[in-house]
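Below is one structure, written out as structure tokens; comments come after it.
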Amino acid sequence: MAKMHFPLNKIHKKRFRTHKKVGKAPGTITYLGYREDSVSSLDVIAYDEEQVEQYSPVNVESLLDNRGEKVKWINLVGLSDEGFVEKLGHTFQMNTLVLEDAVNTQQRPKIDEYESYIFGVFKMIYLDAQQNIVIEHVALTLFENDVLVFQELKEDVFGSVRDRILGKLGRIRTRGADYLYFALLDAIIDNYFVVLEHVQEQIEILEEEVYKKPKPRTAQKIQELKKEVLRIRRYISPVKELVSRLIDSENPIIKKDTKLFLRDVLDHCLEINETLQIYREMVMSLMEMYMSNVSNKMNEVMKVLTVMASIFIPLTFIVGIYGMNFDNMPELHWENGYYMVWGLMITVLIIMLIYFRRRKWI
Amino acid sequence: MAKMHFPLNKIHKKRFRTHKKVGKAPGTITYLGYREDSVSSLDVIAYDEEQVEQYSPVNVESLLDNRGEKVKWINLVGLSDEGFVEKLGHTFQMNTLVLEDAVNTQQRPKIDEYESYIFGVFKMIYLDAQQNIVIEHVALTLFENDVLVFQELKEDVFGSVRDRILGKLGRIRTRGADYLYFALLDAIIDNYFVVLEHVQEQIEILEEEVYKKPKPRTAQKIQELKKEVLRIRRYISPVKELVSRLIDSENPIIKKDTKLFLRDVLDHCLEINETLQIYREMVMSLMEMYMSNVSNKMNEVMKVLTVMASIFIPLTFIVGIYGMNFDNMPELHWENGYYMVWGLMITVLIIMLIYFRRRKWI
Amino acid sequence: MAKMHFPLNKIHKKRFRTHKKVGKAPGTITYLGYREDSVSSLDVIAYDEEQVEQYSPVNVESLLDNRGEKVKWINLVGLSDEGFVEKLGHTFQMNTLVLEDAVNTQQRPKIDEYESYIFGVFKMIYLDAQQNIVIEHVALTLFENDVLVFQELKEDVFGSVRDRILGKLGRIRTRGADYLYFALLDAIIDNYFVVLEHVQEQIEILEEEVYKKPKPRTAQKIQELKKEVLRIRRYISPVKELVSRLIDSENPIIKKDTKLFLRDVLDHCLEINETLQIYREMVMSLMEMYMSNVSNKMNEVMKVLTVMASIFIPLTFIVGIYGMNFDNMPELHWENGYYMVWGLMITVLIIMLIYFRRRKWI
Amino acid sequence: MAKMHFPLNKIHKKRFRTHKKVGKAPGTITYLGYREDSVSSLDVIAYDEEQVEQYSPVNVESLLDNRGEKVKWINLVGLSDEGFVEKLGHTFQMNTLVLEDAVNTQQRPKIDEYESYIFGVFKMIYLDAQQNIVIEHVALTLFENDVLVFQELKEDVFGSVRDRILGKLGRIRTRGADYLYFALLDAIIDNYFVVLEHVQEQIEILEEEVYKKPKPRTAQKIQELKKEVLRIRRYISPVKELVSRLIDSENPIIKKDTKLFLRDVLDHCLEINETLQIYREMVMSLMEMYMSNVSNKMNEVMKVLTVMASIFIPLTFIVGIYGMNFDNMPELHWENGYYMVWGLMITVLIIMLIYFRRRKWI
Amino acid sequence: MAKMHFPLNKIHKKRFRTHKKVGKAPGTITYLGYREDSVSSLDVIAYDEEQVEQYSPVNVESLLDNRGEKVKWINLVGLSDEGFVEKLGHTFQMNTLVLEDAVNTQQRPKIDEYESYIFGVFKMIYLDAQQNIVIEHVALTLFENDVLVFQELKEDVFGSVRDRILGKLGRIRTRGADYLYFALLDAIIDNYFVVLEHVQEQIEILEEEVYKKPKPRTAQKIQELKKEVLRIRRYISPVKELVSRLIDSENPIIKKDTKLFLRDVLDHCLEINETLQIYREMVMSLMEMYMSNVSNKMNEVMKVLTVMASIFIPLTFIVGIYGMNFDNMPELHWENGYYMVWGLMITVLIIMLIYFRRRKWI
């Protein structure tokens, strides 16, 4: 179980810096992430059916050049430079309040529709090299022909989408920005399955431990896993409703074709939620099982004590009798007194053994 | 209980291969089943009131011949040949995304309505020869005059429907494809009752075990049964809503007559869901009962220990007194000292026995 | 508690014969009851304000004579003769699917409205002579001027309605078939209160037992009662919604006047559901209480053991010391050594007693 | 805690006499109260802004004299004279079914609107002189200019309303019958707070008891309190929805002005429901706490036993050794053998004490 | 944990003075706060984009001067002078019932819309200098150009809003009264995060305590924390729905622009509710963990007892045998009898140690 060290504290700490913002005016763009050394980098992939180009734009304004000709995926990594985020957002005429959410790494998942764009905050949840569960903030903005991604860290789950665009795999190159948006969302949600599988493995490992050799530490691990499931659910469970709202949305930015795919994503969300619900119940069962095992072990211990004590205490009493020093104790002087006492003790022993055997204690 | 070995692990393993698909483009038709050696076979039963014929079509295109003359039940067994599935689906102008779900054995139950067909994914749940619960993926597509079934394994629960068509039993031969669709769905759901009965039997066996001779292993079995109920419910409980949506659907493919029958199916679904709910509560009661039995047994053990120790410890003390070697111990020299000690000990014994009898410990 | 033998197994067995029907075509009228020797009998009570007659009709067709002149209550007892049921039903132009539900004793409560009649399945729940809870299937069909009752067994809860008709009590003779339908439904629901009272008594008896003298068997009884409440609820709880649907129905067969009375019935249903909910919580409290008592008893046992052992073990050690055989043990030769040891032991005893008294253990 | 004797049994007994009515025709006015000696008395307070008069009417018909000139509060105390109730009701043209509910002391809270009046059943819940919780049935009927109150017992919670009318306090005299109706309802609900406060006190007393000196009886008291909360909730919780329905009602008998006040009453109902919910959780916490205390006490007992036994059993073994009678036991003949044994025993004792101290058991 | 003394009793006491009002007419303005010495003070901040002034008005009527020119934030601290509150309220033409809620410190959170104003009651929840959680009543009234605040105590959470107005930070000076209203509401809700963080810390401290060194007192602390979470939730959870109603409101007092910001507040409310839900589950986990630890400790204690007793009781029996005084006991006279007994005892000891080692008890 060496692999299982949940970075709970880090996440904790992170979650509550929110109140550092207490007292600030709403609409103040404040990055709340916890990595000092994050640097921003801006990359663009522009493509249509024939061509694809990948470049870092010289300046923010150039992003508006030839707008609409190709689908542009504009990807900002690193959100600590609030001024740059503001400039970028304003270039695309995004509301300041929205930009605040874009860099607010504590923002819960949400989708807001505006006249000219759809803005969504999600959590990428994935395993890092040490098998830790990493929860990373990402904001996806869909314009008519562009997708603007605000991403906290360099690592992401979008590799497969990039490959499909660059390698011209599937239909992605023949479709618009809304399809790209959906593909990115799909990539995020697909990764939830990986995390779920990891949780499933942890449940199985703990199940094994509970059944085979439960230790006091096991209960602690179960509770930690429970907290972990609680925490993941917090970020995953709202997504279902968001996607379902996207499907019902009448915003022309999302084409009818793409909605077919969104229904598929919704299906996945439903499955994930069900799975999380089942995990919750499984973890509770684990704790029940653990407690039942603790009780069973206690029973075992008590039985050993009771058997040992019940056998030897009467025997000790018997030998105590003949250790008394009365002048007048006829048995002491019988020729076979000693052997008769042995006989008596063996009889008692056999009776006790039969009794315990009958009760199935030995 | 030899019969009760739930193939939990298999199902587990299966459930999460989903993420093998992580990174693939949506609409990629990928079979996720776990049997390497499954082979595909395609069979057709075509019937009207007068005639019925059963054959394997020479090629996929021939399935469209004389379309609408007879009701055609096209049955594909084995989904591992994705190319063939795609060809078959495209012949019937099914969407690629839909075909993806048709072979995706992890797809949760769903019904999607399209303009010219209704597509549903369900789970056949039945007992195999070893009384294991098998969960098998099946996709039913209803066209105006045809029913296209995608089935994972050769075994199915449709035997009775086949018999009714071939033997001209009941009304099935006089009715259209929608009735056939409903009959297949009904057959699937009828089999859920068999599985429920099996679960009920397991509950009764465990109940007996809990009441008569609970062992540490019993708790584990209860938890396993709980997981099994959880898992079955996952596949069964969405069906209710799907059927109720079918009833409300205004799709002309489903005739008003058939809806009467669907209401019947809905009734069954309601009953199944209620039953599963009751099983859940029963299994929880079992665990409670088990824990209460463990506590009671502990009480039994403790009482025996307490009675034995409480009786013999004071007696041992008494004989200990007269085992002391003081020069001046008058009692030791009394003529009847030894017998008086016996008297004392018997008195103590009787007092203890009365005390314990009063407390109902013996 | 001799009275409390729930016929659980019977009901169990019964509930799941459903799958005997697995494979049969829907619309097959199959009686699923469990009494081989039940015989059918058909009785009619026809009445208007002036006259009432009670007779067994010569043949089924004669039931349609003079239809509409008087209100006819046609009562079929015994559902095992499926052919007869079919004939009867078809005479009244009832759908075969509906007739299937009429004899399907496992059918859950339901109300279906058709153009010319309203069909409802309910469960009569009452106590038999041995105070067993009997659950009996009954189907009530309301036509414009007739009520057709399909009843499983001869015993019923309709005696009071019969008396009111024959004795011209209340308003029943001045009103139509819909009022009769409502009166029968009311009689069924009124009897639920009797059963609830019986359950209440069982709860009180078990409460007494838990508080006064809990035994391992008590836990089992609590669990059985819990199952019983679960089972009754299953048949009672859907009725509320059915009645409320009847009230909202715009079917002209039910007159506005009668709906006033139905509202009353709805009130009763609400009360019954609330009561069942409260019973559920009470039974759970009982189990909690039982477990708390088991723990308390264990505490009692442990205290006795601890007090006995803690007092006598040190004393036994003391007498052990002076049972040693060292050549050089000065105390043994003191004139008052023996008495001093007694003094020491009594001192130890008093200290222990004070200690335990302070902890309130004795 | 002497004050806390819930009259549970009385309430119980009362609740289930309902089935005495089993078999009676609906619309039979039957008083179900449990006091034989209750007598009816009818009082009227008639008032407008200028005048107020209080009198007992000579006959029922006179109540209709000058109808509409003044607001009339007609108050019937004692519901056992069913004939009188019927006469009174029919004078005001109330439906017989409604009158049945007016005297049915088991009727759950309800509000029914009719063309010319609004009829409501509520429960006054208050503490009597012995601090018992009394649940009293009351039915309030609002006509355009009159309020007709059916009250089970002489005691009521309407004193303050009477004072306000007679003393011309507040706005009550300037407003119509609907305001009076609301004032009475408000008085009933205000008294719920008194009862809640009483429950709160009981919770605090039990909390103290659980924390300070839990006894087996404490668990029983907690369960009784739980039942009490359950029972109060049963009568209080439906009121919220009833009031909210009154607010939405478009019945012209309730003026728009009065609805403002009703919103206030609704607020109170919401608060009461929340409070009851919190009490429920608190009582469950109490039980948890109690169980945790029982376990802790067991731990205490076990530790004492273990410490005593673990210290003295080895010592007793040592002295046992030198109580053996072997001819050849060199130690017995050593000059300082006895003192060396003491040394050994003290060493063992110290080691044990250090061990237990380290484990914080002593 | 010295800091953690929840002023539960104070809050309790406070909550239920409500019934001091029992019997008073509705619309009676009664302050229910618990501080005798609170004094009222009235302050105004009037601002527009150019200017800001802060003053205490000479009389209440002057507040209406130049109404609409500037945005006025009128702040009343101290609600004990009911006459003044009434005068102030009537100046602004507020309903008496509303004013009653304004001073009713037990009023639950609510928002009521009237024609010319929106009235809301909220709870400021913050930590005082001793880290106690203080719950303070505040009523916010929004007029077209004024915000009227009724505040119980001098301390508040509005400092940051004041600073932004006076220091001309952010957009607040360029916007209307509705924006001010929203900013105050935002300040209240932002402070909930601080309290949540405090609760989180308490959970972490208790978690540490449960894992490291659980004491009986720990369970009590967990239960107290649970109660605290329950209590905070009571005041926080209704806010979500209120804000969401404000967003849907079509009242022209709230401009469309401001609603954008309200959506942000709603987001915070959702997050707070989720967090409280998670805390609830965490606290329940703590209790579970505590109970599991108590059981584990008991197991430890029992193992020590069992090991000690099981080893020494048989040995004591052996030495007892050779303490018997039979004339004829050959072993006693063997040359090496004594050493052989030692050998026997050491053998027994080793067997026992191996047995316990195998069971992992030592």
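Identifiers in this document derive from the order of the structure tokens: chains are assigned A, B, ..., residues are numbered from 1 separately in each chain, and ligands are numbered from 1 in order of occurrence.
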- Item | Counting only C-alpha atoms, chain D residues within 10 Å of chain A, as an MDAnalysis selection string | chainID D and resid 323:325
Writer output for current selection, all heavy atoms, as an mmCIF file, in the first residue's frame:
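Contents of the output file again-v6.cif:
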data_model
loop_
_atom_site.group_PDB
_atom_site.id
_atom_site.type_symbol
_atom_site.label_atom_id
_atom_site.label_comp_id
_atom_site.auth_asym_id
_atom_site.auth_seq_id
_atom_site.Cartn_x
_atom_site.Cartn_y
_atom_site.Cartn_z
ATOM 1 N N GLY D 323 6.348 -22.983 47.477
ATOM 2 C CA GLY D 323 5.441 -23.738 48.330
ATOM 3 C C GLY D 323 5.502 -25.226 48.010
ATOM 4 O O GLY D 323 4.857 -26.040 48.643
ATOM 5 N N MET D 324 6.336 -25.571 47.013
ATOM 6 C CA MET D 324 6.443 -26.980 46.653
ATOM 7 C C MET D 324 7.247 -27.727 47.718
ATOM 8 O O MET D 324 8.059 -27.148 48.429
ATOM 9 C CB MET D 324 7.104 -27.125 45.279
ATOM 10 C CG MET D 324 6.196 -26.635 44.138
ATOM 11 S SD MET D 324 6.746 -27.166 42.519
ATOM 12 C CE MET D 324 8.203 -26.169 42.318
ATOM 13 N N ASN D 325 6.953 -29.022 47.785
ATOM 14 C CA ASN D 325 7.518 -29.805 48.871
ATOM 15 C C ASN D 325 8.638 -30.750 48.444
ATOM 16 O O ASN D 325 8.824 -31.814 49.030
ATOM 17 C CB ASN D 325 6.395 -30.619 49.531
ATOM 18 C CG ASN D 325 5.326 -29.718 50.107
ATOM 19 O OD1 ASN D 325 5.641 -28.685 50.716
ATOM 20 N ND2 ASN D 325 4.068 -30.081 49.918
#
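Within stretch 45-153 of chain B, DSSP applied to the backbone places the following residues in alpha helix (DSSP H): Glu82, Gly83, Phe84, Val85, Glu86, Lys87, Leu88, Gly89, His90, Thr91, Thr96, Leu97, Val98, Leu99, Glu100, Asp101, Ala102 and Val103 of chain B.
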- Message: When you look at stretch 151-160 of chain A with a cut-off of 7 Å (counting only C-alpha atoms), what residues show up, excluding the ones that are within fewer than 4 positions of it in the same chain? I need them as a PyMOL selection string.
- Response: (chain A and resi 76-79+136-139+164+184+187-188) or (chain B and resi 23)
Expected file contents, prior selection, N, CA, C and O atoms, as a short mmCIF file (atom, residue, chain, number, x, y, z; two decimals), in the first residue's frame:
data_model
loop_
_atom_site.label_atom_id
_atom_site.label_comp_id
_atom_site.auth_asym_id
_atom_site.auth_seq_id
_atom_site.Cartn_x
_atom_site.Cartn_y
_atom_site.Cartn_z
N LEU A 76 -3.82 28.49 -22.73
CA LEU A 76 -2.97 29.20 -21.79
C LEU A 76 -2.63 28.27 -20.63
O LEU A 76 -3.53 27.77 -19.95
N VAL A 77 -1.34 28.05 -20.42
CA VAL A 77 -0.91 27.24 -19.28
C VAL A 77 -0.29 28.15 -18.25
O VAL A 77 0.60 28.95 -18.57
N GLY A 78 -0.75 28.06 -16.99
CA GLY A 78 -0.23 28.91 -15.91
C GLY A 78 -1.10 30.12 -15.77
O GLY A 78 -1.26 30.90 -16.69
N LEU A 79 -1.67 30.28 -14.58
CA LEU A 79 -2.66 31.33 -14.40
C LEU A 79 -2.20 32.39 -13.40
O LEU A 79 -2.97 33.24 -12.97
N GLU A 136 -6.87 19.27 -10.91
CA GLU A 136 -6.37 20.48 -11.55
C GLU A 136 -7.51 21.27 -12.17
O GLU A 136 -8.38 20.72 -12.83
N HIS A 137 -7.45 22.55 -11.93
CA HIS A 137 -8.46 23.48 -12.43
C HIS A 137 -8.26 23.73 -13.91
O HIS A 137 -7.15 23.93 -14.38
N VAL A 138 -9.37 23.74 -14.69
CA VAL A 138 -9.27 24.11 -16.10
C VAL A 138 -10.56 24.85 -16.49
O VAL A 138 -11.64 24.51 -16.02
N ALA A 139 -10.39 25.91 -17.28
CA ALA A 139 -11.56 26.66 -17.73
C ALA A 139 -11.58 26.61 -19.26
O ALA A 139 -10.58 26.90 -19.90
N ARG A 164 -5.17 13.69 -32.30
CA ARG A 164 -6.18 13.50 -33.33
C ARG A 164 -6.20 14.67 -34.31
O ARG A 164 -6.40 14.49 -35.50
N LEU A 184 -12.58 18.11 -25.85
CA LEU A 184 -11.78 18.39 -24.66
C LEU A 184 -12.52 17.94 -23.40
O LEU A 184 -11.96 17.30 -22.49
N ALA A 187 -12.37 14.33 -23.08
CA ALA A 187 -11.06 13.88 -22.60
C ALA A 187 -10.98 14.00 -21.08
O ALA A 187 -10.44 13.13 -20.39
N ILE A 188 -11.50 15.11 -20.57
CA ILE A 188 -11.49 15.31 -19.11
C ILE A 188 -12.28 14.20 -18.43
O ILE A 188 -11.82 13.58 -17.47
N GLY B 23 -8.87 8.24 -24.95
CA GLY B 23 -8.00 8.77 -25.98
C GLY B 23 -8.49 8.48 -27.38
O GLY B 23 -8.07 9.11 -28.32
#
- Fewer than 4 positions away in the same chain doesn't count, so skip those; otherwise give me all residues within 10 Å of C:Tyr31, counting only C-alpha atoms, as an NGL selection string. :C and (21 or 78-82 or 85 or 100-106 or 152)
Could you turn the residues from that selection into a file that holds N, CA and C atoms, as a compact mmCIF listing (two decimals), in the first residue's frame?
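Final output, saved to selection-v9.txt:
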# COMPACT_ATOMS: atom_id res chain seq x y z
N LYS C 21 -44.40 -18.25 -14.85
CA LYS C 21 -44.97 -17.67 -16.06
C LYS C 21 -43.90 -17.28 -17.06
N GLY C 78 -62.75 -17.17 -5.75
CA GLY C 78 -61.99 -18.30 -6.29
C GLY C 78 -61.59 -18.03 -7.72
N LEU C 79 -60.29 -17.99 -7.95
CA LEU C 79 -59.82 -17.56 -9.26
C LEU C 79 -59.10 -18.66 -10.02
N SER C 80 -59.26 -19.90 -9.52
CA SER C 80 -58.44 -20.95 -10.12
C SER C 80 -59.01 -21.43 -11.46
N ASP C 81 -60.28 -21.18 -11.71
CA ASP C 81 -60.88 -21.64 -12.99
C ASP C 81 -60.68 -20.54 -14.04
N GLU C 82 -59.51 -20.57 -14.68
CA GLU C 82 -59.16 -19.46 -15.56
C GLU C 82 -60.12 -19.32 -16.74
N VAL C 85 -63.10 -17.32 -15.63
CA VAL C 85 -62.73 -15.92 -15.48
C VAL C 85 -62.71 -15.25 -16.85
N GLU C 100 -55.76 -11.03 -17.03
CA GLU C 100 -54.54 -11.66 -16.54
C GLU C 100 -54.18 -11.08 -15.16
N ASP C 101 -54.26 -9.74 -15.03
CA ASP C 101 -53.96 -9.12 -13.74
C ASP C 101 -55.00 -9.49 -12.69
N ALA C 102 -56.25 -9.69 -13.14
CA ALA C 102 -57.32 -9.99 -12.18
C ALA C 102 -57.05 -11.29 -11.43
N VAL C 103 -56.46 -12.27 -12.13
CA VAL C 103 -56.21 -13.55 -11.46
C VAL C 103 -54.76 -13.68 -10.99
N ASN C 104 -53.92 -12.73 -11.39
CA ASN C 104 -52.51 -12.79 -10.99
C ASN C 104 -52.38 -12.31 -9.55
N THR C 105 -52.33 -13.29 -8.65
CA THR C 105 -52.34 -12.92 -7.24
C THR C 105 -51.05 -12.25 -6.79
N GLN C 106 -50.04 -12.21 -7.69
CA GLN C 106 -48.82 -11.49 -7.32
C GLN C 106 -48.81 -10.04 -7.83
N GLU C 152 -59.89 -13.81 -4.21
CA GLU C 152 -59.14 -15.06 -4.18
C GLU C 152 -59.80 -16.08 -3.25
- In Å, how far is it from atom CA of A:Ser295 to atom CA of E:Met298? 10.0 Å
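In terms of minimum interatomic distance to D:Met302, D:Ile362 ranks closest within D:Asp248, D:Met329, D:Lys256, D:Ile362, counting only C-alpha atoms.
Comparing C:Ile125, C:Ile351, C:Ile118, C:Ile205 by their smallest distance to C:Tyr235, the closest is C:Ile125 (using only C-alpha atoms).
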- DSSP strand (DSSP E or B) residues within stretch 14-228 of chain B, listed as an MDAnalysis selection string: chainID B and resid 41:47 52:55 67 70:77 110:113 118:127 133:142 146:151
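The two atoms in question, atom CA of B:Val294 and atom CA of A:Asn293, are spaced 10.1 Å apart.
Relative to atom CA of E:Asn299, atom CA of D:Arg358 is found at 17.1 Å.
Distances here use only C-alpha atoms; by that measure, the residue among E:Arg234, E:Tyr126, E:Phe84, E:Lys168 closest to D:Leu276 is E:Arg234.
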